[in-house]
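Participant: target.cif is the file, holding mmCIF, C-alpha atoms:
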data_coords
#
loop_
_atom_site.group_PDB
_atom_site.id
_atom_site.type_symbol
_atom_site.label_atom_id
_atom_site.label_comp_id
_atom_site.auth_asym_id
_atom_site.auth_seq_id
_atom_site.Cartn_x
_atom_site.Cartn_y
_atom_site.Cartn_z
ATOM 1 C CA MET A 1 -7.096 -31.767 -99.755
ATOM 2 C CA VAL A 2 -9.238 -30.243 -97.056
ATOM 3 C CA ASP A 3 -7.908 -30.748 -93.499
ATOM 4 C CA ILE A 4 -10.130 -33.273 -91.689
ATOM 5 C CA LYS A 5 -10.092 -30.952 -88.661
ATOM 6 C CA ILE A 6 -11.956 -28.382 -90.778
ATOM 7 C CA VAL A 7 -14.596 -30.973 -91.691
ATOM 8 C CA ASN A 8 -15.106 -31.865 -88.035
ATOM 9 C CA ALA A 9 -15.249 -28.205 -86.972
ATOM 10 C CA VAL A 10 -18.005 -27.536 -89.538
ATOM 11 C CA LEU A 11 -19.936 -30.666 -88.521
ATOM 12 C CA SER A 12 -19.965 -29.839 -84.809
ATOM 13 C CA SER A 13 -20.811 -26.164 -85.488
ATOM 14 C CA LEU A 14 -23.804 -27.144 -87.614
ATOM 15 C CA THR A 15 -25.171 -29.553 -85.034
ATOM 16 C CA ALA A 16 -24.673 -27.129 -82.139
ATOM 17 C CA THR A 17 -26.152 -24.117 -83.964
ATOM 18 C CA PHE A 18 -29.298 -25.895 -85.107
ATOM 19 C CA LYS A 19 -29.802 -27.179 -81.580
ATOM 20 C CA ALA A 20 -29.259 -23.781 -79.921
ATOM 21 C CA ALA A 21 -30.848 -21.398 -82.429
ATOM 22 C CA ALA A 22 -33.552 -23.434 -84.112
ATOM 23 C CA LYS A 23 -34.261 -25.919 -81.305
ATOM 24 C CA SER A 24 -33.835 -28.591 -83.952
ATOM 25 C CA VAL A 25 -31.923 -31.840 -84.145
ATOM 26 C CA VAL A 26 -29.989 -32.008 -87.386
ATOM 27 C CA LYS A 27 -28.763 -35.405 -88.589
ATOM 28 C CA LEU A 28 -25.905 -35.087 -91.035
ATOM 29 C CA GLN A 29 -24.713 -37.673 -93.488
ATOM 30 C CA LYS A 30 -21.022 -38.268 -94.121
ATOM 31 C CA PRO A 31 -19.637 -35.086 -95.733
ATOM 32 C CA GLU A 32 -18.344 -35.403 -99.274
ATOM 33 C CA LEU A 33 -16.170 -33.417 -101.655
ATOM 34 C CA VAL A 34 -18.279 -32.542 -104.715
ATOM 35 C CA LYS A 35 -17.355 -31.062 -108.090
ATOM 36 C CA ASP A 36 -20.109 -28.460 -108.174
ATOM 37 C CA ILE A 37 -23.165 -27.291 -106.294
ATOM 38 C CA GLY A 38 -25.532 -27.521 -109.241
ATOM 39 C CA GLU A 39 -29.245 -27.364 -108.590
ATOM 40 C CA THR A 40 -30.495 -26.104 -105.245
ATOM 41 C CA ARG A 41 -33.713 -25.927 -103.287
ATOM 42 C CA ALA A 42 -35.970 -22.843 -103.278
ATOM 43 C CA ILE A 43 -33.946 -20.830 -100.759
ATOM 44 C CA VAL A 44 -30.188 -20.241 -100.834
ATOM 45 C CA SER A 45 -28.250 -18.341 -98.171
ATOM 46 C CA THR A 46 -24.661 -17.301 -98.885
ATOM 47 C CA ILE A 47 -22.067 -15.970 -96.468
ATOM 48 C CA GLY A 48 -18.528 -15.132 -97.514
ATOM 49 C CA PHE A 49 -15.434 -15.526 -95.368
ATOM 50 C CA ASN A 50 -11.818 -14.449 -95.595
ATOM 51 C CA GLY A 51 -8.672 -14.634 -93.505
ATOM 52 C CA VAL A 52 -6.382 -17.695 -93.410
ATOM 53 C CA LEU A 53 -9.021 -19.417 -95.545
ATOM 54 C CA GLU A 54 -11.355 -17.709 -97.978
ATOM 55 C CA GLY A 55 -14.581 -18.858 -99.566
ATOM 56 C CA ASN A 56 -18.284 -19.187 -98.876
ATOM 57 C CA VAL A 57 -20.688 -21.028 -96.613
ATOM 58 C CA ILE A 58 -23.828 -21.733 -98.623
ATOM 59 C CA TYR A 59 -26.929 -23.434 -97.411
ATOM 60 C CA THR A 60 -30.044 -24.397 -99.286
ATOM 61 C CA LEU A 61 -33.405 -25.597 -98.103
ATOM 62 C CA SER A 62 -37.002 -25.969 -99.268
ATOM 63 C CA GLU A 63 -39.741 -23.545 -98.272
ATOM 64 C CA ASP A 64 -41.251 -26.223 -96.008
ATOM 65 C CA THR A 65 -37.964 -26.736 -94.207
ATOM 66 C CA ALA A 66 -37.605 -22.962 -93.871
ATOM 67 C CA LYS A 67 -41.091 -22.648 -92.373
ATOM 68 C CA GLY A 68 -40.273 -25.292 -89.765
ATOM 69 C CA ILE A 69 -36.929 -23.711 -88.860
ATOM 70 C CA VAL A 70 -38.287 -20.162 -88.667
ATOM 71 C CA GLY A 71 -41.221 -21.366 -86.528
ATOM 72 C CA ASN A 72 -38.756 -22.961 -84.098
ATOM 73 C CA MET A 73 -36.538 -19.859 -84.101
ATOM 74 C CA MET A 74 -39.566 -17.776 -83.119
ATOM 75 C CA GLY A 75 -40.009 -20.036 -80.121
ATOM 76 C CA GLY A 76 -42.593 -22.339 -81.663
ATOM 77 C CA MET A 77 -45.394 -20.035 -80.544
ATOM 78 C CA MET A 78 -46.804 -19.475 -84.012
ATOM 79 C CA GLU A 79 -47.018 -21.548 -87.137
ATOM 80 C CA ILE A 80 -45.231 -20.001 -90.119
ATOM 81 C CA THR A 81 -47.508 -20.379 -93.116
ATOM 82 C CA GLU A 82 -45.627 -18.291 -95.647
ATOM 83 C CA ILE A 83 -42.087 -17.203 -96.344
ATOM 84 C CA ASP A 84 -42.205 -13.430 -96.064
ATOM 85 C CA GLU A 85 -39.455 -10.837 -95.640
ATOM 86 C CA LEU A 86 -39.273 -11.534 -91.889
ATOM 87 C CA ALA A 87 -38.853 -15.275 -92.451
ATOM 88 C CA LEU A 88 -36.095 -14.687 -95.031
ATOM 89 C CA SER A 89 -34.385 -12.388 -92.559
ATOM 90 C CA ALA A 90 -34.522 -15.188 -89.945
ATOM 91 C CA ILE A 91 -33.014 -17.620 -92.468
ATOM 92 C CA GLY A 92 -30.200 -15.120 -93.088
ATOM 93 C CA GLU A 93 -29.678 -14.752 -89.349
ATOM 94 C CA LEU A 94 -29.443 -18.523 -88.949
ATOM 95 C CA GLY A 95 -26.789 -18.531 -91.698
ATOM 96 C CA ASN A 96 -24.986 -15.858 -89.757
ATOM 97 C CA MET A 97 -25.068 -17.932 -86.579
ATOM 98 C CA ILE A 98 -23.899 -21.075 -88.391
ATOM 99 C CA SER A 99 -21.014 -19.216 -90.037
ATOM 100 C CA GLY A 100 -20.143 -17.466 -86.782
ATOM 101 C CA ALA A 101 -19.994 -20.833 -84.998
ATOM 102 C CA ILE A 102 -17.828 -22.247 -87.808
ATOM 103 C CA ALA A 103 -15.499 -19.228 -87.510
ATOM 104 C CA ILE A 104 -15.085 -19.769 -83.755
ATOM 105 C CA SER A 105 -14.405 -23.500 -84.246
ATOM 106 C CA LEU A 106 -11.886 -22.845 -87.015
ATOM 107 C CA GLU A 107 -10.035 -20.265 -84.943
ATOM 108 C CA LYS A 108 -9.559 -22.885 -82.209
ATOM 109 C CA ILE A 109 -7.812 -25.234 -84.648
ATOM 110 C CA GLY A 110 -5.595 -22.580 -86.188
ATOM 111 C CA TYR A 111 -7.670 -21.310 -89.113
ATOM 112 C CA PRO A 112 -8.944 -17.850 -88.102
ATOM 113 C CA ILE A 113 -11.485 -16.396 -90.557
ATOM 114 C CA ASN A 114 -13.829 -13.403 -90.685
ATOM 115 C CA ILE A 115 -17.345 -13.753 -92.043
ATOM 116 C CA THR A 116 -19.478 -11.260 -93.973
ATOM 117 C CA PRO A 117 -23.232 -10.565 -93.710
ATOM 118 C CA PRO A 118 -25.580 -13.070 -95.399
ATOM 119 C CA SER A 119 -27.564 -12.657 -98.589
ATOM 120 C CA VAL A 120 -30.641 -14.838 -99.072
ATOM 121 C CA VAL A 121 -31.903 -15.684 -102.560
ATOM 122 C CA ARG A 122 -35.302 -17.211 -103.154
ATOM 123 C CA GLY A 123 -36.355 -18.453 -106.569
ATOM 124 C CA ALA A 124 -36.970 -21.398 -108.887
ATOM 125 C CA ASP A 125 -34.666 -23.674 -110.883
ATOM 126 C CA MET A 126 -31.629 -22.198 -109.187
ATOM 127 C CA THR A 127 -28.042 -23.332 -109.606
ATOM 128 C CA VAL A 128 -25.050 -21.899 -107.738
ATOM 129 C CA SER A 129 -21.562 -21.559 -109.231
ATOM 130 C CA VAL A 130 -18.527 -21.139 -107.010
ATOM 131 C CA ASN A 131 -14.795 -21.483 -107.329
ATOM 132 C CA GLY A 132 -12.825 -23.804 -105.043
ATOM 133 C CA SER A 133 -13.004 -27.063 -103.108
ATOM 134 C CA ILE A 134 -16.618 -27.809 -102.219
ATOM 135 C CA LEU A 135 -17.458 -29.782 -99.087
ATOM 136 C CA LYS A 136 -21.095 -30.884 -99.026
ATOM 137 C CA PHE A 137 -22.934 -31.638 -95.789
ATOM 138 C CA SER A 138 -26.368 -33.139 -96.407
ATOM 139 C CA GLY A 139 -28.743 -33.550 -93.551
ATOM 140 C CA PHE A 140 -32.212 -33.846 -92.178
ATOM 141 C CA ILE A 141 -33.789 -31.615 -89.597
ATOM 142 C CA GLU A 142 -36.303 -33.325 -87.337
ATOM 143 C CA GLU A 143 -35.972 -36.526 -89.415
ATOM 144 C CA THR A 144 -37.837 -35.298 -92.504
ATOM 145 C CA LYS A 145 -36.781 -31.796 -93.530
ATOM 146 C CA GLU A 146 -33.836 -31.794 -95.944
ATOM 147 C CA ILE A 147 -31.046 -29.254 -95.855
ATOM 148 C CA ASP A 148 -27.674 -29.060 -97.613
ATOM 149 C CA VAL A 149 -24.763 -26.982 -96.387
ATOM 150 C CA TYR A 150 -21.729 -26.311 -98.570
ATOM 151 C CA MET A 151 -18.373 -25.093 -97.316
ATOM 152 C CA VAL A 152 -16.493 -23.704 -100.316
ATOM 153 C CA ILE A 153 -12.765 -23.074 -99.821
ATOM 154 C CA LYS A 154 -11.016 -21.220 -102.616
ATOM 155 C CA MET B 1 -26.786 8.054 -94.239
ATOM 156 C CA VAL B 2 -24.226 6.704 -96.637
ATOM 157 C CA ASP B 3 -21.173 8.948 -97.133
ATOM 158 C CA ILE B 4 -21.344 10.526 -100.606
ATOM 159 C CA LYS B 5 -17.655 9.689 -101.029
ATOM 160 C CA ILE B 6 -18.611 6.002 -100.880
ATOM 161 C CA VAL B 7 -21.213 6.509 -103.607
ATOM 162 C CA ASN B 8 -18.657 8.217 -105.840
ATOM 163 C CA ALA B 9 -16.029 5.537 -105.167
ATOM 164 C CA VAL B 10 -18.472 2.802 -106.230
ATOM 165 C CA LEU B 11 -19.537 4.747 -109.330
ATOM 166 C CA SER B 12 -16.011 5.306 -110.592
ATOM 167 C CA SER B 13 -14.992 1.710 -109.803
ATOM 168 C CA LEU B 14 -17.915 0.340 -111.802
ATOM 169 C CA THR B 15 -17.187 2.498 -114.823
ATOM 170 C CA ALA B 16 -13.449 1.750 -114.778
ATOM 171 C CA THR B 17 -13.853 -2.005 -114.278
ATOM 172 C CA PHE B 18 -16.376 -2.477 -117.068
ATOM 173 C CA LYS B 19 -14.114 -0.508 -119.377
ATOM 174 C CA ALA B 20 -10.951 -2.425 -118.456
ATOM 175 C CA ALA B 21 -12.266 -5.967 -117.967
ATOM 176 C CA ALA B 22 -15.277 -6.197 -120.243
ATOM 177 C CA LYS B 23 -14.254 -3.597 -122.835
ATOM 178 C CA SER B 24 -17.697 -2.133 -122.274
ATOM 179 C CA VAL B 25 -19.024 1.347 -121.694
ATOM 180 C CA VAL B 26 -21.438 1.326 -118.777
ATOM 181 C CA LYS B 27 -23.825 4.256 -118.391
ATOM 182 C CA LEU B 28 -25.120 4.567 -114.860
ATOM 183 C CA GLN B 29 -28.200 6.404 -113.714
ATOM 184 C CA LYS B 30 -28.222 8.466 -110.535
ATOM 185 C CA PRO B 31 -27.745 6.027 -107.618
ATOM 186 C CA GLU B 32 -30.617 5.706 -105.182
ATOM 187 C CA LEU B 33 -31.195 4.335 -101.698
ATOM 188 C CA VAL B 34 -33.816 1.586 -101.930
ATOM 189 C CA LYS B 35 -35.762 -0.305 -99.267
ATOM 190 C CA ASP B 36 -35.167 -3.761 -100.692
ATOM 191 C CA ILE B 37 -33.657 -5.552 -103.662
ATOM 192 C CA GLY B 38 -36.773 -7.542 -104.526
ATOM 193 C CA GLU B 39 -36.951 -9.214 -107.894
ATOM 194 C CA THR B 40 -33.781 -9.711 -109.891
ATOM 195 C CA ARG B 41 -32.745 -10.751 -113.376
ATOM 196 C CA ALA B 42 -31.730 -14.336 -114.244
ATOM 197 C CA ILE B 43 -28.179 -14.115 -112.898
ATOM 198 C CA VAL B 44 -27.145 -12.803 -109.481
ATOM 199 C CA SER B 45 -23.555 -12.495 -108.287
ATOM 200 C CA THR B 46 -22.865 -11.844 -104.607
ATOM 201 C CA ILE B 47 -19.622 -10.844 -102.939
ATOM 202 C CA GLY B 48 -19.330 -10.170 -99.226
ATOM 203 C CA PHE B 49 -17.043 -7.635 -97.618
ATOM 204 C CA ASN B 50 -15.914 -6.809 -94.103
ATOM 205 C CA GLY B 51 -13.542 -4.437 -92.352
ATOM 206 C CA VAL B 52 -14.452 -0.821 -91.504
ATOM 207 C CA LEU B 53 -17.677 -1.419 -93.435
ATOM 208 C CA GLU B 54 -19.416 -4.758 -93.838
ATOM 209 C CA GLY B 55 -22.020 -5.931 -96.293
ATOM 210 C CA ASN B 56 -22.391 -7.225 -99.828
ATOM 211 C CA VAL B 57 -21.890 -6.141 -103.420
ATOM 212 C CA ILE B 58 -24.632 -7.768 -105.485
ATOM 213 C CA TYR B 59 -25.086 -7.478 -109.202
ATOM 214 C CA THR B 60 -27.824 -8.846 -111.379
ATOM 215 C CA LEU B 61 -28.131 -9.124 -115.128
ATOM 216 C CA SER B 62 -30.068 -10.959 -117.807
ATOM 217 C CA GLU B 63 -28.638 -13.906 -119.731
ATOM 218 C CA ASP B 64 -28.358 -11.712 -122.839
ATOM 219 C CA THR B 65 -26.359 -9.084 -120.960
ATOM 220 C CA ALA B 66 -24.168 -11.848 -119.518
ATOM 221 C CA LYS B 67 -23.504 -13.281 -122.996
ATOM 222 C CA GLY B 68 -22.396 -9.868 -124.256
ATOM 223 C CA ILE B 69 -20.142 -9.220 -121.263
ATOM 224 C CA VAL B 70 -18.540 -12.668 -121.294
ATOM 225 C CA GLY B 71 -17.942 -12.385 -125.052
ATOM 226 C CA ASN B 72 -16.138 -9.087 -124.495
ATOM 227 C CA MET B 73 -14.155 -10.515 -121.566
ATOM 228 C CA MET B 74 -12.962 -13.340 -123.832
ATOM 229 C CA GLY B 75 -11.601 -10.716 -126.219
ATOM 230 C CA GLY B 76 -14.606 -10.628 -128.551
ATOM 231 C CA MET B 77 -13.152 -13.448 -130.617
ATOM 232 C CA MET B 78 -16.107 -15.762 -130.176
ATOM 233 C CA GLU B 79 -19.819 -15.260 -129.793
ATOM 234 C CA ILE B 80 -21.202 -16.651 -126.541
ATOM 235 C CA THR B 81 -24.415 -18.470 -127.371
ATOM 236 C CA GLU B 82 -25.144 -20.097 -124.034
ATOM 237 C CA ILE B 83 -24.445 -19.493 -120.374
ATOM 238 C CA ASP B 84 -22.407 -22.500 -119.317
ATOM 239 C CA GLU B 85 -20.200 -23.119 -116.281
ATOM 240 C CA LEU B 86 -17.329 -21.208 -117.903
ATOM 241 C CA ALA B 87 -19.519 -18.165 -118.579
ATOM 242 C CA LEU B 88 -20.816 -18.175 -114.987
ATOM 243 C CA SER B 89 -17.237 -18.362 -113.778
ATOM 244 C CA ALA B 90 -16.410 -15.298 -115.909
ATOM 245 C CA ILE B 91 -19.386 -13.448 -114.413
ATOM 246 C CA GLY B 92 -18.107 -14.321 -110.921
ATOM 247 C CA GLU B 93 -14.649 -13.110 -111.894
ATOM 248 C CA LEU B 94 -16.081 -9.815 -113.130
ATOM 249 C CA GLY B 95 -17.844 -9.446 -109.763
ATOM 250 C CA ASN B 96 -14.515 -10.087 -108.125
ATOM 251 C CA MET B 97 -12.844 -7.365 -110.197
ATOM 252 C CA ILE B 98 -15.648 -4.875 -109.518
ATOM 253 C CA SER B 99 -15.513 -5.537 -105.778
ATOM 254 C CA GLY B 100 -11.709 -5.422 -105.794
ATOM 255 C CA ALA B 101 -11.803 -2.026 -107.518
ATOM 256 C CA ILE B 102 -14.406 -0.794 -105.018
ATOM 257 C CA ALA B 103 -12.177 -2.000 -102.146
ATOM 258 C CA ILE B 104 -9.170 -0.098 -103.528
ATOM 259 C CA SER B 105 -11.250 3.080 -104.004
ATOM 260 C CA LEU B 106 -12.734 2.830 -100.510
ATOM 261 C CA GLU B 107 -9.319 2.343 -98.938
ATOM 262 C CA LYS B 108 -8.167 5.602 -100.545
ATOM 263 C CA ILE B 109 -10.988 7.526 -98.845
ATOM 264 C CA GLY B 110 -10.512 5.941 -95.432
ATOM 265 C CA TYR B 111 -12.834 2.924 -95.569
ATOM 266 C CA PRO B 112 -10.577 -0.142 -95.883
ATOM 267 C CA ILE B 113 -12.510 -3.376 -96.540
ATOM 268 C CA ASN B 114 -11.683 -6.975 -97.464
ATOM 269 C CA ILE B 115 -13.757 -8.849 -99.996
ATOM 270 C CA THR B 116 -14.641 -12.552 -100.182
ATOM 271 C CA PRO B 117 -14.905 -14.843 -103.228
ATOM 272 C CA PRO B 118 -18.070 -14.528 -105.364
ATOM 273 C CA SER B 119 -21.000 -16.890 -105.607
ATOM 274 C CA VAL B 120 -23.127 -16.782 -108.756
ATOM 275 C CA VAL B 121 -26.761 -17.880 -108.674
ATOM 276 C CA ARG B 122 -28.749 -18.502 -111.830
ATOM 277 C CA GLY B 123 -32.469 -19.161 -111.750
ATOM 278 C CA ALA B 124 -35.987 -17.875 -112.309
ATOM 279 C CA ASP B 125 -38.283 -15.581 -110.319
ATOM 280 C CA MET B 126 -35.476 -14.719 -107.938
ATOM 281 C CA THR B 127 -35.601 -12.218 -105.098
ATOM 282 C CA VAL B 128 -32.685 -11.303 -102.851
ATOM 283 C CA SER B 129 -33.018 -10.391 -99.164
ATOM 284 C CA VAL B 130 -30.282 -8.518 -97.358
ATOM 285 C CA ASN B 131 -29.917 -6.532 -94.182
ATOM 286 C CA GLY B 132 -28.668 -2.938 -94.236
ATOM 287 C CA SER B 133 -28.645 0.267 -96.271
ATOM 288 C CA ILE B 134 -29.049 -0.591 -99.953
ATOM 289 C CA LEU B 135 -27.520 1.658 -102.614
ATOM 290 C CA LYS B 136 -28.805 0.800 -106.082
ATOM 291 C CA PHE B 137 -26.810 1.613 -109.222
ATOM 292 C CA SER B 138 -28.817 0.952 -112.384
ATOM 293 C CA GLY B 139 -27.098 1.097 -115.713
ATOM 294 C CA PHE B 140 -26.855 0.116 -119.307
ATOM 295 C CA ILE B 141 -23.920 -1.590 -120.941
ATOM 296 C CA GLU B 142 -23.382 -0.672 -124.591
ATOM 297 C CA GLU B 143 -26.619 1.386 -124.556
ATOM 298 C CA THR B 144 -29.060 -1.550 -124.436
ATOM 299 C CA LYS B 145 -28.010 -4.203 -121.940
ATOM 300 C CA GLU B 146 -29.417 -3.597 -118.456
ATOM 301 C CA ILE B 147 -27.488 -4.256 -115.270
ATOM 302 C CA ASP B 148 -28.159 -3.385 -111.624
ATOM 303 C CA VAL B 149 -25.472 -3.231 -108.970
ATOM 304 C CA TYR B 150 -26.344 -3.038 -105.274
ATOM 305 C CA MET B 151 -23.953 -1.981 -102.533
ATOM 306 C CA VAL B 152 -25.412 -3.212 -99.243
ATOM 307 C CA ILE B 153 -23.891 -1.744 -96.082
ATOM 308 C CA LYS B 154 -24.961 -3.330 -92.826
#
Could you rewrite the structure in this file as structure tokens?

Facilitator:
Amino acid sequence: MVDIKIVNAVLSSLTATFKAAAKSVVKLQKPELVKDIGETRAIVSTIGFNGVLEGNVIYTLSEDTAKGIVGNMMGGMMEITEIDELALSAIGELGNMISGAIAISLEKIGYPINITPPSVVRGADMTVSVNGSILKFSGFIEETKEIDVYMVIK
Amino acid sequence: MVDIKIVNAVLSSLTATFKAAAKSVVKLQKPELVKDIGETRAIVSTIGFNGVLEGNVIYTLSEDTAKGIVGNMMGGMMEITEIDELALSAIGELGNMISGAIAISLEKIGYPINITPPSVVRGADMTVSVNGSILKFSGFIEETKEIDVYMVIK
């Protein structure tokens, strides 16, 4: 079983980070324990963590969602029309901020962890395999843009 | 600049792990510093690390290479005809062993790191974006099966 305090720490970190970094309101559905990650959207960001808990924070989003988020991260001054190396770097940095916020929240409730730098994979027909308990947080950014965040605890 | 001792530690760890875990001889070309990872093969395994150095160990291989490796890891008693969840788990485990061996080698030369659990992504037309110095180790397993290993140091 995953401690409910962990679930709440992840939820509040996600909401706060999207608000602060991407000037976006994220609405999250009730988190669920899933058996596998399976198929993903076109962009997958992975960040490992170790310490009292070890595993991965993985988030996946469509190119459209990514364009919206990166545009907001850049201050909304320019429209992002394609996902280039700079945009992927911003998506990685957002993953970094999310995981950093989760790490701070978890430390407060007695689960100190250290995170590693992100890797961002872009492709088609992707599936992700991991090992451990998988908590899935599905949500919408600005009402319409879908995003899924997985907290995998080995 | 990346310390040449790090390059040698990664090289010897790769060779030893493939020999021990996958009963395979891996022949590696001269490692090179590359600007980006760009396009990958059909399977990508990522493992983060932190400590004195932080970054990622990423390896990418075709489905055929994966079938050969997983078959060898299972003791060569059965031919692997498809990449299922079990095979992907074996590929993740191999990544774990490679990164563990790299961590032990790096500790010996004064660069202690901790690794995180692997994530394995399978898909098409994949590119990987990372941030840092990228050391690329290209090689062949059993003469014909291509594999690339990247050591990314932030």

Participant: Run the PyMOL selection byres ((chain B) within 8 of (chain A)) on the file and write out the hits as a PyMOL selection string.

Facilitator: chain B and resi 46-50+54-56+85+88-89+92+114-131+154

Participant: Got a sec to resolve the PyMOL selection byres ((chain A and resi 142) around 10) on this structure and send the residues as a PDB file with C-alpha atoms, in the frame of the given file?

Facilitator:
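Saved the output as selection-v9.pdb:
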ATOM      1  CA  LYS A  23     -34.261 -25.919 -81.305  1.00  0.00           C
ATOM      2  CA  SER A  24     -33.835 -28.591 -83.952  1.00  0.00           C
ATOM      3  CA  VAL A  25     -31.923 -31.840 -84.145  1.00  0.00           C
ATOM      4  CA  VAL A  26     -29.989 -32.008 -87.386  1.00  0.00           C
ATOM      5  CA  LYS A  27     -28.763 -35.405 -88.589  1.00  0.00           C
ATOM      6  CA  THR A  65     -37.964 -26.736 -94.207  1.00  0.00           C
ATOM      7  CA  GLY A  68     -40.273 -25.292 -89.765  1.00  0.00           C
ATOM      8  CA  ILE A  69     -36.929 -23.711 -88.860  1.00  0.00           C
ATOM      9  CA  GLY A 139     -28.743 -33.550 -93.551  1.00  0.00           C
ATOM     10  CA  PHE A 140     -32.212 -33.846 -92.178  1.00  0.00           C
ATOM     11  CA  ILE A 141     -33.789 -31.615 -89.597  1.00  0.00           C
ATOM     12  CA  GLU A 143     -35.972 -36.526 -89.415  1.00  0.00           C
ATOM     13  CA  THR A 144     -37.837 -35.298 -92.504  1.00  0.00           C
ATOM     14  CA  LYS A 145     -36.781 -31.796 -93.530  1.00  0.00           C
ATOM     15  CA  GLU A 146     -33.836 -31.794 -95.944  1.00  0.00           C
TER      16      GLU A 146
END

Participant: May I ask for the distance between CA of Thr60 in chain B and CA of Ala90 in chain B, given in Å to one decimal place?

Facilitator: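 We find that CA of Thr60 in chain B and CA of Ala90 in chain B lie 13.9 Å from each other.
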
Participant: For the provided coordinates, the residues matched by the PyMOL selection byres ((chain B and resi 4) around 12) should be stated as a ChimeraX atom specification.

Facilitator: /B:1-3,5-11,31-33,106,109,135

Participant: With C-alpha atoms retained, export the selected residues as an mmCIF file, in the coordinates of the input.

Facilitator:
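Once written, selection23.cif looks like this:
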data_model
loop_
_atom_site.group_PDB
_atom_site.id
_atom_site.type_symbol
_atom_site.label_atom_id
_atom_site.label_comp_id
_atom_site.auth_asym_id
_atom_site.auth_seq_id
_atom_site.Cartn_x
_atom_site.Cartn_y
_atom_site.Cartn_z
ATOM 1 C CA MET B 1 -26.786 8.054 -94.239
ATOM 2 C CA VAL B 2 -24.226 6.704 -96.637
ATOM 3 C CA ASP B 3 -21.173 8.948 -97.133
ATOM 4 C CA LYS B 5 -17.655 9.689 -101.029
ATOM 5 C CA ILE B 6 -18.611 6.002 -100.880
ATOM 6 C CA VAL B 7 -21.213 6.509 -103.607
ATOM 7 C CA ASN B 8 -18.657 8.217 -105.840
ATOM 8 C CA ALA B 9 -16.029 5.537 -105.167
ATOM 9 C CA VAL B 10 -18.472 2.802 -106.230
ATOM 10 C CA LEU B 11 -19.537 4.747 -109.330
ATOM 11 C CA PRO B 31 -27.745 6.027 -107.618
ATOM 12 C CA GLU B 32 -30.617 5.706 -105.182
ATOM 13 C CA LEU B 33 -31.195 4.335 -101.698
ATOM 14 C CA LEU B 106 -12.734 2.830 -100.510
ATOM 15 C CA ILE B 109 -10.988 7.526 -98.845
ATOM 16 C CA LEU B 135 -27.520 1.658 -102.614
#

Participant: Taking into account all atoms listed in the file, which residue in the set B:Glu82, B:Ile104, B:Arg41, B:Ile98 is nearest to Thr15 in chain B?

Facilitator: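 Under the stated criterion, the closest residue is B:Ile98.
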